[in-house]
file data.cif (mmCIF, C-alpha atoms)
data_coords
#
loop_
_atom_site.label_atom_id
_atom_site.label_comp_id
_atom_site.auth_asym_id
_atom_site.auth_seq_id
_atom_site.Cartn_x
_atom_site.Cartn_y
_atom_site.Cartn_z
CA MET A 1 0.52 7.61 19.23
CA GLN A 2 3.74 9.00 20.67
CA ASN A 3 6.98 8.83 18.69
CA SER A 4 8.40 6.32 21.15
CA GLU A 5 5.35 4.07 20.69
CA ALA A 6 5.63 4.34 16.91
CA LEU A 7 9.32 3.44 17.10
CA ALA A 8 8.54 0.47 19.35
CA LEU A 9 5.90 -0.76 16.88
CA ALA A 10 8.25 -0.35 13.92
CA ALA A 11 11.03 -2.16 15.81
CA ALA A 12 8.68 -5.03 16.71
CA LEU A 13 7.51 -5.42 13.10
CA LEU A 14 11.05 -5.33 11.74
CA ALA A 15 12.27 -7.79 14.37
CA THR A 16 9.36 -10.12 13.58
CA ALA A 17 10.08 -9.95 9.84
CA GLY A 18 13.77 -10.63 10.41
CA ASP A 19 13.03 -13.51 12.78
CA LEU A 20 10.50 -14.99 10.35
CA THR A 21 12.97 -14.80 7.45
CA ARG A 22 15.71 -16.46 9.52
CA ARG A 23 13.42 -19.19 10.83
CA VAL A 24 12.00 -20.01 7.39
CA ASN A 25 15.52 -20.27 6.01
CA ASP A 26 16.58 -22.45 8.95
CA GLY A 27 13.55 -24.67 8.33
CA VAL A 28 14.42 -25.03 4.66
CA VAL A 29 18.03 -25.91 5.50
CA ALA A 30 16.85 -28.41 8.13
CA ARG A 31 14.80 -30.10 5.40
CA GLY A 32 17.95 -30.68 3.33
CA PHE A 33 18.10 -27.66 1.04
CA GLU A 34 21.06 -25.35 0.65
CA GLY A 35 20.45 -21.69 0.17
CA ARG A 36 19.86 -18.29 1.60
CA PRO A 37 16.79 -16.13 2.16
CA ALA A 38 17.22 -14.36 -1.19
CA TYR A 39 16.39 -17.65 -2.92
CA GLY A 40 13.01 -17.71 -1.21
CA PHE A 41 12.19 -14.21 -2.36
CA ALA A 42 13.03 -15.21 -5.95
CA PHE A 43 11.08 -18.47 -5.62
CA THR A 44 8.04 -16.44 -4.53
CA ARG A 45 8.04 -14.81 -7.97
CA LEU A 46 9.01 -17.94 -9.89
CA SER A 47 6.25 -19.98 -8.26
CA ARG A 48 3.77 -17.77 -10.14
CA GLY A 49 5.35 -18.68 -13.49
CA ALA A 50 8.43 -18.22 -15.61
CA ALA A 51 10.23 -14.91 -15.37
CA THR A 52 13.05 -13.10 -17.08
CA VAL A 53 16.00 -11.79 -15.11
CA THR A 54 14.50 -8.32 -15.58
CA ASP A 55 11.21 -9.52 -14.08
CA LEU A 56 13.09 -10.90 -11.08
CA ALA A 57 15.09 -7.71 -10.69
CA VAL A 58 11.89 -5.67 -10.54
CA HIS A 59 10.28 -8.14 -8.12
CA LEU A 60 13.31 -8.14 -5.82
CA GLY A 61 14.00 -4.41 -6.11
CA VAL A 62 17.58 -5.00 -7.24
CA THR A 63 19.66 -4.35 -10.34
CA LYS A 64 19.54 -6.70 -13.30
CA GLN A 65 23.15 -7.56 -12.51
CA ALA A 66 22.27 -8.65 -8.96
CA ALA A 67 19.27 -10.64 -10.20
CA SER A 68 21.44 -12.30 -12.84
CA GLN A 69 23.96 -13.36 -10.18
CA LEU A 70 21.15 -14.80 -8.06
CA VAL A 71 19.77 -16.70 -11.06
CA ASP A 72 23.26 -18.08 -11.75
CA GLU A 73 23.35 -19.39 -8.16
CA ILE A 74 19.93 -21.02 -8.17
CA VAL A 75 20.56 -22.58 -11.58
CA ARG A 76 23.96 -23.90 -10.45
CA LYS A 77 22.31 -25.46 -7.36
CA GLY A 78 19.58 -27.08 -9.44
CA TYR A 79 16.63 -25.01 -8.17
CA ALA A 80 15.86 -23.38 -11.52
CA GLU A 81 16.72 -23.61 -15.17
CA ARG A 82 16.87 -21.21 -18.06
CA ARG A 83 14.67 -21.80 -21.09
CA PRO A 84 14.30 -19.95 -24.39
CA HIS A 85 11.77 -17.12 -24.33
CA PRO A 86 8.97 -17.95 -26.82
CA GLU A 87 8.57 -14.31 -27.94
CA ASP A 88 12.05 -12.81 -27.58
CA ALA A 89 15.06 -14.67 -28.97
CA ARG A 90 17.41 -12.47 -26.90
CA ALA A 91 15.73 -13.24 -23.57
CA ARG A 92 15.71 -16.37 -21.45
CA LEU A 93 13.02 -17.47 -19.02
CA VAL A 94 13.87 -18.75 -15.56
CA VAL A 95 11.65 -21.55 -14.24
CA LEU A 96 11.71 -23.64 -11.08
CA THR A 97 12.89 -27.23 -11.40
CA GLU A 98 11.39 -30.07 -9.37
CA ARG A 99 14.12 -29.39 -6.79
CA GLY A 100 13.04 -25.72 -6.71
CA TRP A 101 9.42 -26.74 -6.18
CA ALA A 102 10.47 -29.14 -3.40
CA CYS A 103 12.39 -26.32 -1.72
CA THR A 104 9.33 -24.08 -2.02
CA ARG A 105 7.20 -26.77 -0.36
CA ALA A 106 9.81 -27.05 2.43
CA ALA A 107 9.49 -23.29 3.01
CA GLU A 108 5.70 -23.61 3.17
CA GLU A 109 6.04 -26.36 5.78
CA ALA A 110 8.43 -24.22 7.84
CA ILE A 111 6.05 -21.25 7.64
CA ALA A 112 3.11 -23.39 8.77
CA GLU A 113 5.11 -24.53 11.82
CA ILE A 114 6.06 -20.96 12.71
CA VAL A 115 2.50 -19.66 12.39
CA GLN A 116 1.30 -22.58 14.50
CA GLU A 117 3.74 -21.47 17.20
CA TRP A 118 2.33 -17.95 16.97
CA ALA A 119 -1.16 -19.39 17.39
CA GLY A 120 0.06 -21.15 20.51
CA VAL A 121 1.13 -17.80 21.95
CA LEU A 122 -1.66 -15.53 20.65
CA GLY A 123 -4.47 -17.96 19.84
CA GLU A 124 -5.64 -18.85 16.34
CA ARG A 125 -8.27 -16.13 16.27
CA GLU A 126 -5.74 -13.44 17.17
CA VAL A 127 -3.33 -14.68 14.49
CA GLY A 128 -6.18 -14.38 11.97
CA VAL A 129 -6.93 -10.85 13.15
CA LEU A 130 -3.23 -9.97 12.99
CA CYS A 131 -3.09 -11.21 9.39
CA GLU A 132 -6.18 -9.21 8.41
CA GLN A 133 -4.80 -6.05 9.99
CA LEU A 134 -1.37 -6.39 8.42
CA VAL A 135 -2.92 -6.96 4.98
CA ARG A 136 -4.97 -3.79 5.46
CA ILE A 137 -1.87 -1.66 6.02
CA ALA A 138 0.49 -3.56 3.71
CA PRO A 139 -1.50 -5.27 0.95
CA TYR A 140 0.13 -8.21 -0.76
CA GLY A 141 2.78 -7.10 -3.19
CA PRO A 142 6.16 -8.33 -4.24
CA LEU A 143 7.94 -9.99 -1.34
CA ARG A 144 11.30 -8.31 -1.29
CA PRO A 145 14.38 -8.82 0.81
CA SER A 146 15.39 -5.89 2.95
CA TRP A 147 19.00 -5.67 1.89
#
call {"tool": "encode", "arguments": {"input": "data.cif", "output": "structure tokens"}}
result
Amino acid sequence: MQNSEALALAAALLATAGDLTRRVNDGVVARGFEGRPAYGFAFTRLSRGAATVTDLAVHLGVTKQAASQLVDEIVRKGYAERRPHPEDARARLVVLTERGWACTRAAEEAIAEIVQEWAGVLGEREVGVLCEQLVRIAPYGPLRPSW
């Protein structure tokens, strides 16, 4: 593969990721939720269970300070709440509230619509192949914002 082809592929993947992030956020907002894409990246971790601010910082690839500010925002907006940590009196756990779960479901609905559009362009089989190939080169890991 020539350098120009590699650059074109990288540009297409980055553009697709950026477009997907924007469209998911737009879909969430259209469903009545206020937020920004960073919330979704945090919700991805929180949907697997309670997390400390340090856990979120590691997941997001940001400082504890940045993660703490994000947690303050999502708590203030009613998407999450802080609870005592059962094993560490100094730590607090962050958990999604019912509003946070509803926002997560709204994101899932938006994603399903977007992927359905892709299937309309590529065909369902090709979308499945695309998914398999992308997972082979970038196995599932923490979903992180690209800031």
call {"tool": "residues_around", "arguments": {"input": "data.cif", "residues": "A:Arg23", "least_positions_apart": "3", "cutoff": "8 Å", "atoms": "only C-alpha atoms", "output": "VMD selection string"}}
result
chain A and resid 19 to 20 26 to 27 110 114
call {"tool": "resolve_selection", "arguments": {"input": "data.cif", "expression": "the PyMOL selection byres ((chain A and resi 30-34) around 10)", "output": "list in words"}}
result
Val24, Asn25, Asp26, Gly27, Val28, Val29, Gly35, Arg36, Tyr39, Ile74, Lys77, Tyr79, Arg99, Gly100, Ala102, Cys103, Thr104, Ala106, Ala107, Glu109 and Ala110 of chain A
call {"tool": "atom_distance", "arguments": {"input": "data.cif", "atom1": "atom CA of A:Val94", "atom2": "atom CA of A:Gly18"}}
result
27.2 Å
call {"tool": "atom_distance", "arguments": {"input": "data.cif", "atom1": "atom CA of A:Gly61", "atom2": "atom CA of A:Ala80"}}
result
19.8 Å
call {"tool": "residues_around", "arguments": {"input": "data.cif", "residues": "A:Thr52", "least_positions_apart": "2", "cutoff": "7 Å", "atoms": "all atoms listed in the file", "output": "PDB file with C-alpha atoms, in the coordinates of the input"}}
result
ATOM      1  CA  THR A  54      14.500  -8.320 -15.580  1.00  0.00           C
ATOM      2  CA  ASP A  55      11.210  -9.520 -14.080  1.00  0.00           C
ATOM      3  CA  LEU A  56      13.090 -10.900 -11.080  1.00  0.00           C
ATOM      4  CA  ARG A  92      15.710 -16.370 -21.450  1.00  0.00           C
ATOM      5  CA  LEU A  93      13.020 -17.470 -19.020  1.00  0.00           C
ATOM      6  CA  VAL A  94      13.870 -18.750 -15.560  1.00  0.00           C
TER       7      VAL A  94
END
call {"tool": "resolve_selection", "arguments": {"input": "data.cif", "expression": "the PyMOL selection byres ((chain A and resi 59) around 12)", "output": "MDAnalysis selection string"}}
result
chainID A and resid 38 41:46 48 51:58 60:64 67 141:145
call {"tool": "atom_distance", "arguments": {"input": "data.cif", "atom1": "atom CA of A:Ala12", "atom2": "atom CA of A:Leu130"}}
result
13.4 Å
call {"tool": "closest_residue", "arguments": {"input": "data.cif", "among": "A:Ala50, A:Val75, A:Glu132, A:Ser68", "to": "A:Val95", "atoms": "all atoms listed in the file"}}
result
A:Ala50
call {"tool": "closest_residue", "arguments": {"input": "data.cif", "among": "A:Leu134, A:Val127, A:Leu70, A:Ile111", "to": "A:Thr21", "atoms": "all atoms listed in the file"}}
result
A:Ile111
call {"tool": "decode", "arguments": {"input": "data.cif", "residues": "stretch 74-109 of chain A", "atoms": "C-alpha atoms", "output": "compact mmCIF listing (two decimals), in the first residue's frame"}}
result
# COMPACT_ATOMS: atom_id res chain seq x y z
CA ILE A 74 -23.01 14.33 34.81
CA VAL A 75 -24.02 14.30 38.48
CA ARG A 76 -25.27 17.90 38.26
CA LYS A 77 -27.36 16.96 35.19
CA GLY A 78 -28.83 13.93 36.92
CA TYR A 79 -27.16 11.23 34.78
CA ALA A 80 -25.11 9.74 37.62
CA GLU A 81 -24.75 9.85 41.36
CA ARG A 82 -21.94 9.33 43.81
CA ARG A 83 -22.21 6.58 46.40
CA PRO A 84 -19.93 5.48 49.23
CA HIS A 85 -17.31 2.93 48.24
CA PRO A 86 -17.94 -0.29 50.23
CA GLU A 87 -14.21 -1.03 50.67
CA ASP A 88 -12.55 2.41 50.76
CA ALA A 89 -14.00 5.13 52.99
CA ARG A 90 -11.98 7.78 51.10
CA ALA A 91 -13.33 6.83 47.67
CA ARG A 92 -16.74 7.34 46.11
CA LEU A 93 -18.35 5.25 43.40
CA VAL A 94 -20.07 6.83 40.42
CA VAL A 95 -23.17 5.01 39.15
CA LEU A 96 -25.68 5.78 36.43
CA THR A 97 -29.11 6.98 37.53
CA GLU A 98 -32.31 6.02 35.71
CA ARG A 99 -31.84 9.20 33.64
CA GLY A 100 -28.31 8.04 32.78
CA TRP A 101 -29.61 4.64 31.71
CA ALA A 102 -32.32 6.30 29.61
CA CYS A 103 -29.66 8.44 27.92
CA THR A 104 -27.61 5.31 27.25
CA ARG A 105 -30.64 3.65 25.65
CA ALA A 106 -31.16 6.78 23.51
CA ALA A 107 -27.56 6.47 22.29
CA GLU A 108 -28.13 2.80 21.44
CA GLU A 109 -31.21 3.75 19.41
